[in-house]
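model-v8.csv, holding CSV, C-alpha atoms:
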chain,number,residue,atom,x,y,z
G,10,MET,CA,-121.5,163.3,28.9
G,11,LEU,CA,-124.8,164.6,27.8
G,12,PRO,CA,-125.3,168.4,27.5
G,13,PHE,CA,-128.2,168.0,29.9
G,14,SER,CA,-128.4,166.0,33.0
G,15,THR,CA,-130.8,163.1,33.7
G,16,ALA,CA,-132.3,165.3,36.4
G,17,SER,CA,-133.9,167.3,33.5
G,18,PHE,CA,-136.2,164.4,32.9
G,19,ASN,CA,-137.6,164.7,36.4
G,20,LYS,CA,-139.3,168.0,35.3
G,21,PHE,CA,-142.0,165.8,33.8
G,22,GLU,CA,-144.4,163.8,35.9
G,23,PRO,CA,-144.4,160.1,34.6
G,24,ALA,CA,-148.2,160.2,33.8
G,25,LYS,CA,-147.9,163.4,31.9
G,26,LYS,CA,-144.9,162.2,29.9
G,27,ALA,CA,-146.8,159.1,28.8
G,28,THR,CA,-149.8,161.1,27.5
G,29,ARG,CA,-147.9,164.1,26.0
G,30,LEU,CA,-144.9,162.6,24.3
G,31,PRO,CA,-145.0,160.4,21.2
G,32,ILE,CA,-143.8,156.9,21.7
G,33,ALA,CA,-140.7,157.5,19.6
G,34,SER,CA,-139.9,160.5,21.7
G,35,ALA,CA,-140.3,158.6,24.9
G,36,ILE,CA,-138.0,155.9,23.6
G,37,ALA,CA,-135.4,158.4,22.6
G,38,LEU,CA,-135.5,160.0,26.1
G,39,SER,CA,-135.3,156.7,27.8
G,40,ALA,CA,-132.3,155.7,25.6
G,41,PHE,CA,-130.4,158.9,26.5
G,42,ALA,CA,-131.2,158.5,30.2
G,43,THR,CA,-129.7,155.0,30.0
G,44,ALA,CA,-126.6,156.2,28.1
G,45,SER,CA,-126.1,158.9,30.7
G,46,LEU,CA,-126.3,156.5,33.6
G,47,ALA,CA,-123.8,154.2,31.9
G,48,ASP,CA,-121.5,157.2,31.3
G,49,THR,CA,-121.0,156.3,27.6
G,50,PRO,CA,-121.0,159.0,24.9
G,51,SER,CA,-124.3,159.6,23.1
G,52,VAL,CA,-123.4,159.4,19.4
G,53,VAL,CA,-125.9,160.2,16.5
G,54,THR,CA,-125.2,159.2,12.9
G,55,SER,CA,-127.0,160.3,9.8
G,56,ILE,CA,-127.1,157.3,7.3
G,57,LYS,CA,-126.8,153.6,7.6
G,58,PRO,CA,-123.2,153.3,6.3
G,59,ILE,CA,-121.9,156.0,8.7
G,60,HIS,CA,-123.8,154.3,11.5
G,61,SER,CA,-122.1,151.0,10.6
G,62,ILE,CA,-118.6,152.5,10.7
G,63,ALA,CA,-119.4,154.3,14.0
G,64,SER,CA,-120.7,150.9,15.4
G,65,ALA,CA,-117.4,149.3,14.5
G,66,VAL,CA,-115.4,152.1,16.2
G,67,MET,CA,-117.6,152.1,19.3
G,68,ASP,CA,-117.7,148.3,19.6
G,69,GLY,CA,-117.3,147.3,23.3
G,70,VAL,CA,-118.2,150.8,24.5
G,71,GLY,CA,-121.6,151.7,23.3
G,72,LYS,CA,-123.9,151.9,20.2
G,73,PRO,CA,-124.6,154.9,18.0
G,74,PHE,CA,-128.1,156.2,17.1
G,75,LEU,CA,-129.3,156.4,13.5
G,76,LEU,CA,-131.4,159.1,12.0
G,77,ILE,CA,-132.1,158.0,8.4
G,78,ASP,CA,-133.0,154.3,8.5
G,79,GLY,CA,-134.6,151.8,6.1
G,80,ALA,CA,-135.3,152.9,2.6
G,81,THR,CA,-135.4,156.6,3.4
G,82,SER,CA,-133.2,158.6,1.2
G,83,PRO,CA,-131.0,161.4,2.7
G,84,HIS,CA,-131.9,163.6,-0.3
G,85,GLY,CA,-134.8,165.7,1.0
G,86,PHE,CA,-135.0,163.9,4.3
G,87,ALA,CA,-137.4,165.5,6.8
G,88,LEU,CA,-136.4,165.3,10.5
G,89,LYS,CA,-139.1,164.0,12.8
G,90,PRO,CA,-139.9,165.8,16.0
G,91,SER,CA,-138.9,162.7,18.0
G,92,GLN,CA,-135.5,162.8,16.4
G,93,ALA,CA,-134.8,166.2,17.8
G,94,PHE,CA,-134.2,164.6,21.1
G,95,LEU,CA,-131.3,162.6,19.6
G,96,LEU,CA,-129.7,165.8,18.3
G,97,GLN,CA,-130.3,167.8,21.5
G,98,GLY,CA,-128.8,165.1,23.7
G,99,ALA,CA,-125.8,164.1,21.5
G,100,ASP,CA,-122.2,164.4,22.5
G,101,THR,CA,-121.2,163.8,18.9
G,102,VAL,CA,-123.2,163.9,15.6
G,103,PHE,CA,-121.4,162.2,12.6
G,104,TRP,CA,-122.9,163.2,9.2
G,105,ILE,CA,-121.6,163.7,5.7
G,106,GLY,CA,-122.6,167.3,5.5
G,107,PRO,CA,-125.2,169.5,3.7
G,108,GLY,CA,-124.1,168.3,0.3
G,109,LEU,CA,-125.8,165.0,1.0
G,110,ALA,CA,-128.6,166.0,3.3
G,111,SER,CA,-129.2,169.7,3.2
G,112,SER,CA,-132.4,169.4,5.3
G,113,LEU,CA,-130.2,168.3,8.3
G,114,ALA,CA,-128.0,171.4,8.2
G,115,LYS,CA,-130.2,173.7,10.2
G,116,PRO,CA,-131.4,171.3,12.9
G,117,ILE,CA,-127.9,169.9,13.4
G,118,SER,CA,-126.5,173.5,13.7
G,119,SER,CA,-129.2,174.7,16.1
G,120,MET,CA,-129.6,171.5,18.2
G,121,ALA,CA,-126.2,169.8,18.1
G,122,GLY,CA,-123.9,172.8,17.7
G,123,ASP,CA,-120.3,172.0,18.4
G,124,ALA,CA,-121.1,168.3,18.6
G,125,SER,CA,-121.5,168.2,14.8
G,126,VAL,CA,-118.7,166.5,12.8
G,127,GLU,CA,-119.0,166.9,9.0
G,128,LEU,CA,-117.2,163.9,7.6
G,129,MET,CA,-116.7,165.6,4.2
G,130,GLU,CA,-114.1,167.7,6.0
G,131,ALA,CA,-112.4,164.8,7.8
G,132,GLU,CA,-108.6,164.4,7.4
G,133,GLY,CA,-107.6,162.0,4.6
G,134,ILE,CA,-110.9,162.1,2.6
G,135,GLU,CA,-110.4,161.8,-1.1
G,136,HIS,CA,-112.8,164.0,-3.1
G,137,LEU,CA,-114.2,163.9,-6.6
G,138,GLY,CA,-116.1,166.6,-8.4
G,139,LEU,CA,-119.7,166.2,-9.4
G,140,ARG,CA,-120.3,164.7,-12.8
G,141,GLU,CA,-122.9,166.5,-14.9
G,142,GLY,CA,-124.9,165.7,-18.0
G,143,ALA,CA,-126.7,162.5,-18.6
G,144,THR,CA,-123.6,160.8,-20.0
G,145,PHE,CA,-120.8,162.5,-18.0
G,146,ASP,CA,-119.2,163.5,-21.3
G,147,THR,CA,-118.4,167.1,-20.5
G,148,HIS,CA,-115.4,166.3,-18.3
G,149,ASP,CA,-111.8,165.1,-18.5
G,150,HIS,CA,-111.6,161.5,-17.6
G,151,ASP,CA,-108.2,161.0,-16.0
G,152,HIS,CA,-110.0,161.2,-12.7
G,153,GLY,CA,-107.7,162.9,-10.3
G,154,SER,CA,-108.8,163.6,-6.8
G,155,HIS,CA,-108.1,166.1,-4.0
G,156,SER,CA,-107.5,165.3,-0.4
G,157,GLU,CA,-108.9,167.1,2.5
G,158,GLY,CA,-108.4,170.8,3.1
G,159,HIS,CA,-110.5,172.3,0.3
G,160,GLU,CA,-112.8,175.2,1.0
G,161,GLU,CA,-116.4,174.0,1.5
G,162,HIS,CA,-118.4,175.2,-1.5
G,163,GLU,CA,-121.8,174.1,-0.3
G,164,GLU,CA,-123.6,176.5,2.1
G,165,ALA,CA,-125.9,175.2,4.8
G,166,GLY,CA,-129.2,174.3,3.3
G,167,HIS,CA,-127.7,173.7,-0.2
G,168,ASP,CA,-128.2,170.2,-1.7
G,169,ASP,CA,-125.8,169.4,-4.5
G,170,HIS,CA,-128.5,167.2,-6.0
G,171,GLY,CA,-131.2,169.8,-5.8
G,172,HIS,CA,-131.0,171.4,-9.3
G,173,ASP,CA,-133.1,170.3,-12.3
G,174,ASP,CA,-131.4,168.5,-15.2
G,175,GLY,CA,-131.4,171.5,-17.5
G,176,GLU,CA,-129.7,173.8,-15.1
G,177,LYS,CA,-127.0,171.3,-14.0
G,178,GLU,CA,-126.2,170.2,-17.5
G,179,GLU,CA,-125.4,173.8,-18.6
G,180,HIS,CA,-122.5,173.9,-16.3
G,181,ALA,CA,-119.4,171.8,-16.6
G,182,HIS,CA,-117.1,171.0,-13.7
G,183,ASP,CA,-113.9,168.9,-13.9
G,184,ASP,CA,-114.0,165.5,-12.2
G,185,HIS,CA,-110.9,166.6,-10.2
G,186,ALA,CA,-113.0,168.8,-7.9
G,187,PRO,CA,-111.0,172.0,-8.3
G,188,GLU,CA,-110.7,174.1,-5.2
G,189,GLY,CA,-114.1,175.8,-4.6
G,190,GLY,CA,-115.9,173.4,-6.9
G,191,GLU,CA,-118.8,171.2,-6.0
G,192,ARG,CA,-117.8,167.8,-4.6
G,193,ASP,CA,-119.5,164.4,-4.8
G,194,ALA,CA,-120.9,163.7,-1.3
G,195,HIS,CA,-121.1,159.9,-1.6
G,196,ILE,CA,-117.6,159.6,-0.1
G,197,TRP,CA,-118.2,156.4,1.9
G,198,LEU,CA,-118.3,154.4,-1.3
G,199,ASN,CA,-114.5,154.7,-1.6
G,200,PRO,CA,-113.2,152.2,0.9
G,201,ASP,CA,-110.2,154.3,1.6
G,202,ASN,CA,-112.6,157.1,2.7
G,203,GLY,CA,-114.4,154.6,4.9
G,204,ILE,CA,-111.1,153.9,6.6
G,205,ALA,CA,-110.4,157.7,6.9
G,206,ILE,CA,-113.9,158.1,8.4
G,207,ALA,CA,-113.3,155.5,11.0
G,208,GLY,CA,-110.0,157.2,12.0
G,209,ALA,CA,-111.7,160.5,12.3
G,210,MET,CA,-114.4,159.0,14.4
G,211,ALA,CA,-111.9,157.3,16.7
G,212,GLU,CA,-110.0,160.6,17.3
G,213,THR,CA,-113.2,162.5,17.9
G,214,LEU,CA,-114.5,160.0,20.4
G,215,ALA,CA,-111.1,159.8,22.1
G,216,GLN,CA,-111.5,163.5,22.9
G,217,VAL,CA,-115.1,163.1,24.0
G,218,ASP,CA,-114.5,160.0,26.0
G,219,PRO,CA,-110.7,159.8,27.0
G,220,ALA,CA,-111.2,156.8,29.2
G,221,ASN,CA,-112.0,154.6,26.2
G,222,ALA,CA,-109.6,156.3,23.7
G,223,ASP,CA,-107.5,153.2,23.3
G,224,ILE,CA,-110.5,151.1,22.5
G,225,TYR,CA,-111.7,153.5,19.8
G,226,ARG,CA,-108.3,153.6,18.2
G,227,ALA,CA,-107.8,149.9,18.3
G,228,ASN,CA,-111.3,149.4,16.8
G,229,ALA,CA,-110.5,151.8,14.0
G,230,LYS,CA,-107.3,149.9,13.3
G,231,LYS,CA,-109.2,146.6,13.2
G,232,PHE,CA,-111.8,148.1,10.9
G,233,SER,CA,-109.0,149.4,8.6
G,234,GLU,CA,-107.5,145.9,8.3
G,235,ARG,CA,-110.8,144.4,7.5
G,236,ILE,CA,-111.6,146.9,4.7
G,237,GLU,CA,-108.1,146.6,3.2
G,238,GLY,CA,-108.6,142.9,2.9
G,239,LEU,CA,-112.0,143.4,1.3
G,240,GLU,CA,-110.6,145.8,-1.2
G,241,THR,CA,-108.4,143.1,-2.6
G,242,LYS,CA,-111.3,140.7,-3.0
G,243,ILE,CA,-113.4,143.4,-4.7
G,244,SER,CA,-110.6,144.4,-7.1
G,245,ALA,CA,-110.2,140.8,-8.2
G,246,LYS,CA,-114.0,140.4,-8.7
G,247,LEU,CA,-114.4,143.5,-10.8
G,248,GLU,CA,-111.2,143.3,-12.9
G,249,PRO,CA,-112.8,141.0,-15.5
G,250,VAL,CA,-115.7,143.4,-16.2
G,251,SER,CA,-113.7,146.7,-16.0
G,252,GLY,CA,-114.3,147.5,-19.7
G,253,GLN,CA,-118.0,146.9,-19.7
G,254,LYS,CA,-120.4,149.8,-20.2
G,255,PHE,CA,-123.3,150.5,-17.8
G,256,ILE,CA,-125.7,153.1,-16.7
G,257,VAL,CA,-126.7,153.9,-13.1
G,258,PHE,CA,-130.0,155.1,-11.7
G,259,HIS,CA,-128.5,158.2,-10.2
G,260,ASP,CA,-124.9,159.3,-9.9
G,261,ALA,CA,-124.2,158.0,-6.4
G,262,TYR,CA,-121.3,155.6,-7.3
G,263,HIS,CA,-118.5,157.7,-8.7
G,264,HIS,CA,-116.3,157.1,-5.6
G,265,PHE,CA,-116.7,153.4,-5.9
G,266,GLU,CA,-116.3,153.3,-9.7
G,267,HIS,CA,-113.2,155.5,-9.6
G,268,HIS,CA,-111.5,153.5,-6.9
G,269,PHE,CA,-112.1,150.2,-8.6
G,270,ASN,CA,-111.7,151.3,-12.2
G,271,VAL,CA,-115.2,150.6,-13.4
G,272,GLU,CA,-116.7,153.8,-14.8
G,273,ALA,CA,-120.4,154.3,-15.5
G,274,SER,CA,-121.4,155.8,-18.8
G,275,GLY,CA,-124.2,157.9,-17.4
G,276,SER,CA,-127.1,158.1,-15.0
G,277,ILE,CA,-130.9,158.1,-15.7
G,278,THR,CA,-131.7,160.8,-13.2
G,279,LEU,CA,-129.8,163.6,-11.5
G,280,THR,CA,-131.5,163.1,-8.2
G,281,PRO,CA,-133.5,160.0,-7.2
G,282,GLU,CA,-136.5,162.0,-6.0
G,283,ALA,CA,-137.0,163.8,-9.4
G,284,ILE,CA,-138.4,162.3,-12.6
G,285,ALA,CA,-135.8,162.4,-15.4
G,286,SER,CA,-136.6,164.9,-18.1
G,287,ALA,CA,-137.7,163.6,-21.5
G,288,ASP,CA,-134.5,165.0,-23.0
G,289,ARG,CA,-132.3,163.3,-20.5
G,290,LEU,CA,-134.1,160.0,-20.9
G,291,SER,CA,-133.8,160.2,-24.7
G,292,THR,CA,-130.1,160.8,-24.3
G,293,ILE,CA,-129.7,157.8,-22.1
G,294,GLN,CA,-131.7,155.6,-24.5
G,295,ASP,CA,-129.4,156.7,-27.4
G,296,THR,CA,-126.3,156.1,-25.2
G,297,ILE,CA,-127.5,152.5,-24.4
G,298,GLN,CA,-127.8,151.8,-28.1
G,299,ASP,CA,-124.7,153.6,-29.3
G,300,LEU,CA,-122.3,152.1,-26.6
G,301,ASP,CA,-124.0,148.7,-26.5
G,302,VAL,CA,-124.5,149.2,-22.8
G,303,SER,CA,-124.5,145.9,-20.9
G,304,CYS,CA,-126.5,146.8,-17.8
G,305,VAL,CA,-128.7,149.5,-16.4
G,306,PHE,CA,-128.9,149.6,-12.7
G,307,GLN,CA,-132.0,150.4,-10.6
G,308,GLU,CA,-132.1,151.1,-6.9
G,309,PRO,CA,-134.4,149.1,-4.5
G,310,GLN,CA,-136.0,152.1,-2.9
G,311,PHE,CA,-137.2,153.8,-6.1
G,312,ASP,CA,-139.7,152.9,-8.8
G,313,SER,CA,-138.0,150.8,-11.6
G,314,LYS,CA,-140.5,151.7,-14.3
G,315,ILE,CA,-138.2,154.4,-15.8
G,316,VAL,CA,-135.4,151.8,-16.0
G,317,ASN,CA,-137.6,149.5,-18.1
G,318,VAL,CA,-138.4,152.5,-20.4
G,319,ALA,CA,-134.7,153.3,-20.7
G,320,ILE,CA,-133.7,149.8,-22.0
G,321,GLU,CA,-136.6,149.4,-24.4
G,322,GLY,CA,-135.3,148.0,-27.7
G,323,SER,CA,-131.8,147.3,-26.4
G,324,LYS,CA,-130.1,144.1,-25.1
G,325,ALA,CA,-129.2,145.8,-21.8
G,326,ARG,CA,-129.9,143.8,-18.6
G,327,ILE,CA,-131.3,145.3,-15.4
G,328,GLY,CA,-129.3,145.0,-12.2
G,329,THR,CA,-129.7,146.6,-8.8
G,330,LEU,CA,-127.2,148.8,-6.9
G,331,ASP,CA,-127.9,150.1,-3.4
G,332,PRO,CA,-125.6,152.9,-2.1
G,333,LEU,CA,-127.0,152.9,1.4
G,334,GLY,CA,-127.4,149.2,2.3
G,335,THR,CA,-131.2,149.6,2.5
G,336,GLU,CA,-131.9,145.9,3.0
G,337,ILE,CA,-128.9,145.1,5.1
G,338,ALA,CA,-129.3,144.8,8.9
G,339,ASN,CA,-127.8,147.8,10.7
G,340,GLY,CA,-124.6,147.2,12.6
G,341,ILE,CA,-120.9,146.6,12.2
G,342,ASP,CA,-121.2,144.3,9.2
G,343,LEU,CA,-123.3,146.6,7.1
G,344,TYR,CA,-120.5,148.7,5.6
G,345,PRO,CA,-118.3,145.8,4.4
G,346,THR,CA,-121.4,143.9,3.2
G,347,LEU,CA,-122.6,147.0,1.3
G,348,LEU,CA,-119.3,147.3,-0.5
G,349,MET,CA,-119.2,143.6,-1.4
G,350,ASN,CA,-122.8,143.7,-2.6
G,351,LEU,CA,-122.0,146.5,-5.0
G,352,ALA,CA,-119.1,144.5,-6.4
G,353,ASP,CA,-121.3,141.3,-6.7
G,354,SER,CA,-124.1,143.2,-8.4
G,355,LEU,CA,-121.8,144.9,-10.9
G,356,ALA,CA,-119.8,141.7,-11.6
G,357,ASP,CA,-123.0,139.5,-12.0
G,358,CYS,CA,-124.9,141.9,-14.3
G,359,LEU,CA,-121.9,143.0,-16.4
G,360,GLY,CA,-120.7,139.4,-16.6
G,361,GLY,CA,-124.0,138.3,-18.1
G,362,GLU,CA,-125.4,136.4,-15.0
Since I need it in another form, could you write the structure as structure tokens?
Amino acid sequence: MLPFSTASFNKFEPAKKATRLPIASAIALSAFATASLADTPSVVTSIKPIHSIASAVMDGVGKPFLLIDGATSPHGFALKPSQAFLLQGADTVFWIGPGLASSLAKPISSMAGDASVELMEAEGIEHLGLREGATFDTHDHDHGSHSEGHEEHEEAGHDDHGHDDGEKEEHAHDDHAPEGGERDAHIWLNPDNGIAIAGAMAETLAQVDPANADIYRANAKKFSERIEGLETKISAKLEPVSGQKFIVFHDAYHHFEHHFNVEASGSITLTPEAIASADRLSTIQDTIQDLDVSCVFQEPQFDSKIVNVAIEGSKARIGTLDPLGTEIANGIDLYPTLLMNLADSLADCLGGE
């Protein structure tokens, strides 16, 4: 149930609401009023892939709301006033945690409170440490991982992508994410983590809405079976190009690379909102030449000019990777489509297509 009753809406006279509230706010209020009347839990999600997984788990019961839609990046995201209504009225808020969207930490804490579920801490999540340096060459590369239960390193308001290149590259962390070390927040790109997220959502919603607990759990099981089948297809597609060298736009894909044994040789920028330093770009250009890199991948929501600069004088091709499913329609199918699109893009570019 909502933490406030629909009677609270009656405090506003209809005419005054129409003139005082932004249209988006009025829509949010109307949506929550409808959810309350239907007696379904109000669920808010942060990014498109998490919204997709929640949509699959809630199928047949209700639909989750999405905060960060379209081409908007979670790094540095600014919450709109109209979206505060979503957080204030939520029974559950599913988000990765402050390591991905530090700007959400304070509003979620103050507006959603106990409704917040940080999926970085969900049971069964496999973690990887942050890779640092333009070419990821300051780490061991046997790529171990840690399961849930590690102490959270990031404090509220801390964005693990918020340092400049020079500061980050002075510090080396092992890829294994040692206890207390910084962890890569792009956990959804490991399909096993996607399955763990669905399971965590089902159990959370079963507590919030016991009447539909069996549906949530059955949906999570169905989702798991679908993703397990997809993993087999992706592995087969990527196996022929597993030895090819490539560079990514920013280091968002470690979980996907590690899971499917296709490892990037570096990233152009540390965080997609910041321009790469001249030293970093020079290092990437040298790496492309020295390793005979096959592909350099851009991202659809960011300017590709720097990618063109990076490949000057080389034989590297340009491909596109999208960690959020920016151009995929929201809903149940977004998450599996996102994973398959990553595999297709990697296979096509690295295979010379």
Pick the closest to Ala93 (chain G) from G:Pro73, G:Gly340, G:Leu239, G:Pro116: which is it, counting only C-alpha atoms? G:Pro116
May I ask which of the residues G:Ala143, G:Pro90, G:Leu109, G:His195 is the closest one to Ser286 (chain G), counting all atoms listed in the file?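 Closest residue, counting all atoms listed in the file: G:Ala143.
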Please provide the set of residues having any atom within 6 Å of region 250-264 of chain G, restricted to all atoms listed in the file, with same-chain residues fewer than 2 positions apart removed, written as a list in words. Leu198, Asn199, Leu247, Glu248, Glu266, His267, Val271, Ala273, Ser274, Gly275, Ser276, Ile277, Thr278, Leu279, Val302, Ser303, Cys304, Val305, Phe306 and Gln307 of chain G
Long-range neighbours of Glu308 (chain G) as a ChimeraX atom specification, 10 Å cut-off, all atoms listed in the file, 2 positions minimum in chain: /G:257-259,281,306,310-313,316,328-333,335
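CA of Pro219 (chain G) is found 24.8 Å from CA of Ser118 (chain G).
Comparing the minimum interatomic distances between Asn228 (chain G) and each of G:Ile204, G:Pro83, G:Ile315, G:Ala131, counting all atoms listed in the file, we find that G:Ile204 sits nearest.
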Using only C-alpha atoms, the shortest atom-to-atom distance to Glu132 (chain G) among G:Thr346, G:Thr213, G:Thr280, G:Ser119 belongs to G:Thr213
Figure out the distance between CA of Leu359 (chain G) and CA of Ala338 (chain G), please, to one decimal in Å.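 Value for the CA of Ala338 (chain G)-CA of Leu359 (chain G) distance: 26.4 Å.
Proximity ranking of G:Ser55, G:Phe94, G:Gly71, G:Ser112 relative to Ser125 (chain G) places G:Ser55 first, based on only C-alpha atoms.
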Can you work out the spacing between CA of Ala222 (chain G) and CA of Ser51 (chain G) in Å, to one decimal? 15.1 Å
Residue nearest Ile236 (chain G) - candidates G:Ile196, G:Val318, G:Met349, G:Val52, atoms counted: all atoms listed in the file: G:Met349
Is there a way to get, as an MDAnalysis selection string, all residues within 7 Å of the point (-115.6, 142.2, -5.3) in file coordinates, counting only C-alpha atoms? chainID G and resid 242:247 349 352:353
Could you complete region 271-288 of chain G so that it carries N, CA and C atoms, and give it back as a tab-separated table (two decimals), in the coordinates of the input?
chain	number	residue	atom	x	y	z
G	271	VAL	N	-114.04	150.97	-12.60
G	271	VAL	CA	-115.20	150.60	-13.40
G	271	VAL	C	-116.11	151.82	-13.47
G	272	GLU	N	-116.08	152.47	-14.63
G	272	GLU	CA	-116.70	153.80	-14.80
G	272	GLU	C	-118.07	153.67	-15.47
G	273	ALA	N	-119.10	154.25	-14.87
G	273	ALA	CA	-120.40	154.30	-15.50
G	273	ALA	C	-120.39	155.24	-16.70
G	274	SER	N	-121.31	155.01	-17.63
G	274	SER	CA	-121.40	155.80	-18.80
G	274	SER	C	-122.50	156.89	-18.74
G	275	GLY	N	-123.20	156.93	-17.62
G	275	GLY	CA	-124.20	157.90	-17.40
G	275	GLY	C	-125.19	157.53	-16.34
G	276	SER	N	-126.13	158.43	-16.02
G	276	SER	CA	-127.10	158.10	-15.00
G	276	SER	C	-128.51	158.58	-15.52
G	277	ILE	N	-129.54	157.81	-15.21
G	277	ILE	CA	-130.90	158.10	-15.70
G	277	ILE	C	-131.42	159.40	-15.14
G	278	THR	N	-131.19	159.63	-13.85
G	278	THR	CA	-131.70	160.80	-13.20
G	278	THR	C	-130.64	161.55	-12.44
G	279	LEU	N	-130.79	162.83	-12.29
G	279	LEU	CA	-129.80	163.60	-11.50
G	279	LEU	C	-129.97	163.36	-10.04
G	280	THR	N	-131.20	163.39	-9.57
G	280	THR	CA	-131.50	163.10	-8.20
G	280	THR	C	-132.63	162.12	-8.10
G	281	PRO	N	-132.57	161.13	-7.21
G	281	PRO	CA	-133.50	160.00	-7.20
G	281	PRO	C	-134.97	160.43	-6.95
G	282	GLU	N	-135.18	161.59	-6.32
G	282	GLU	CA	-136.50	162.00	-6.00
G	282	GLU	C	-137.22	162.71	-7.17
G	283	ALA	N	-136.46	163.07	-8.21
G	283	ALA	CA	-137.00	163.80	-9.40
G	283	ALA	C	-137.14	162.89	-10.57
G	284	ILE	N	-138.21	163.07	-11.31
G	284	ILE	CA	-138.40	162.30	-12.60
G	284	ILE	C	-137.44	162.87	-13.61
G	285	ALA	N	-136.76	161.98	-14.31
G	285	ALA	CA	-135.80	162.40	-15.40
G	285	ALA	C	-136.60	163.14	-16.46
G	286	SER	N	-135.99	164.19	-16.98
G	286	SER	CA	-136.60	164.90	-18.10
G	286	SER	C	-136.67	164.05	-19.32
G	287	ALA	N	-137.56	164.40	-20.24
G	287	ALA	CA	-137.70	163.60	-21.50
G	287	ALA	C	-136.39	163.71	-22.29
G	288	ASP	N	-135.74	164.87	-22.30
G	288	ASP	CA	-134.50	165.00	-23.00
G	288	ASP	C	-133.40	164.12	-22.43
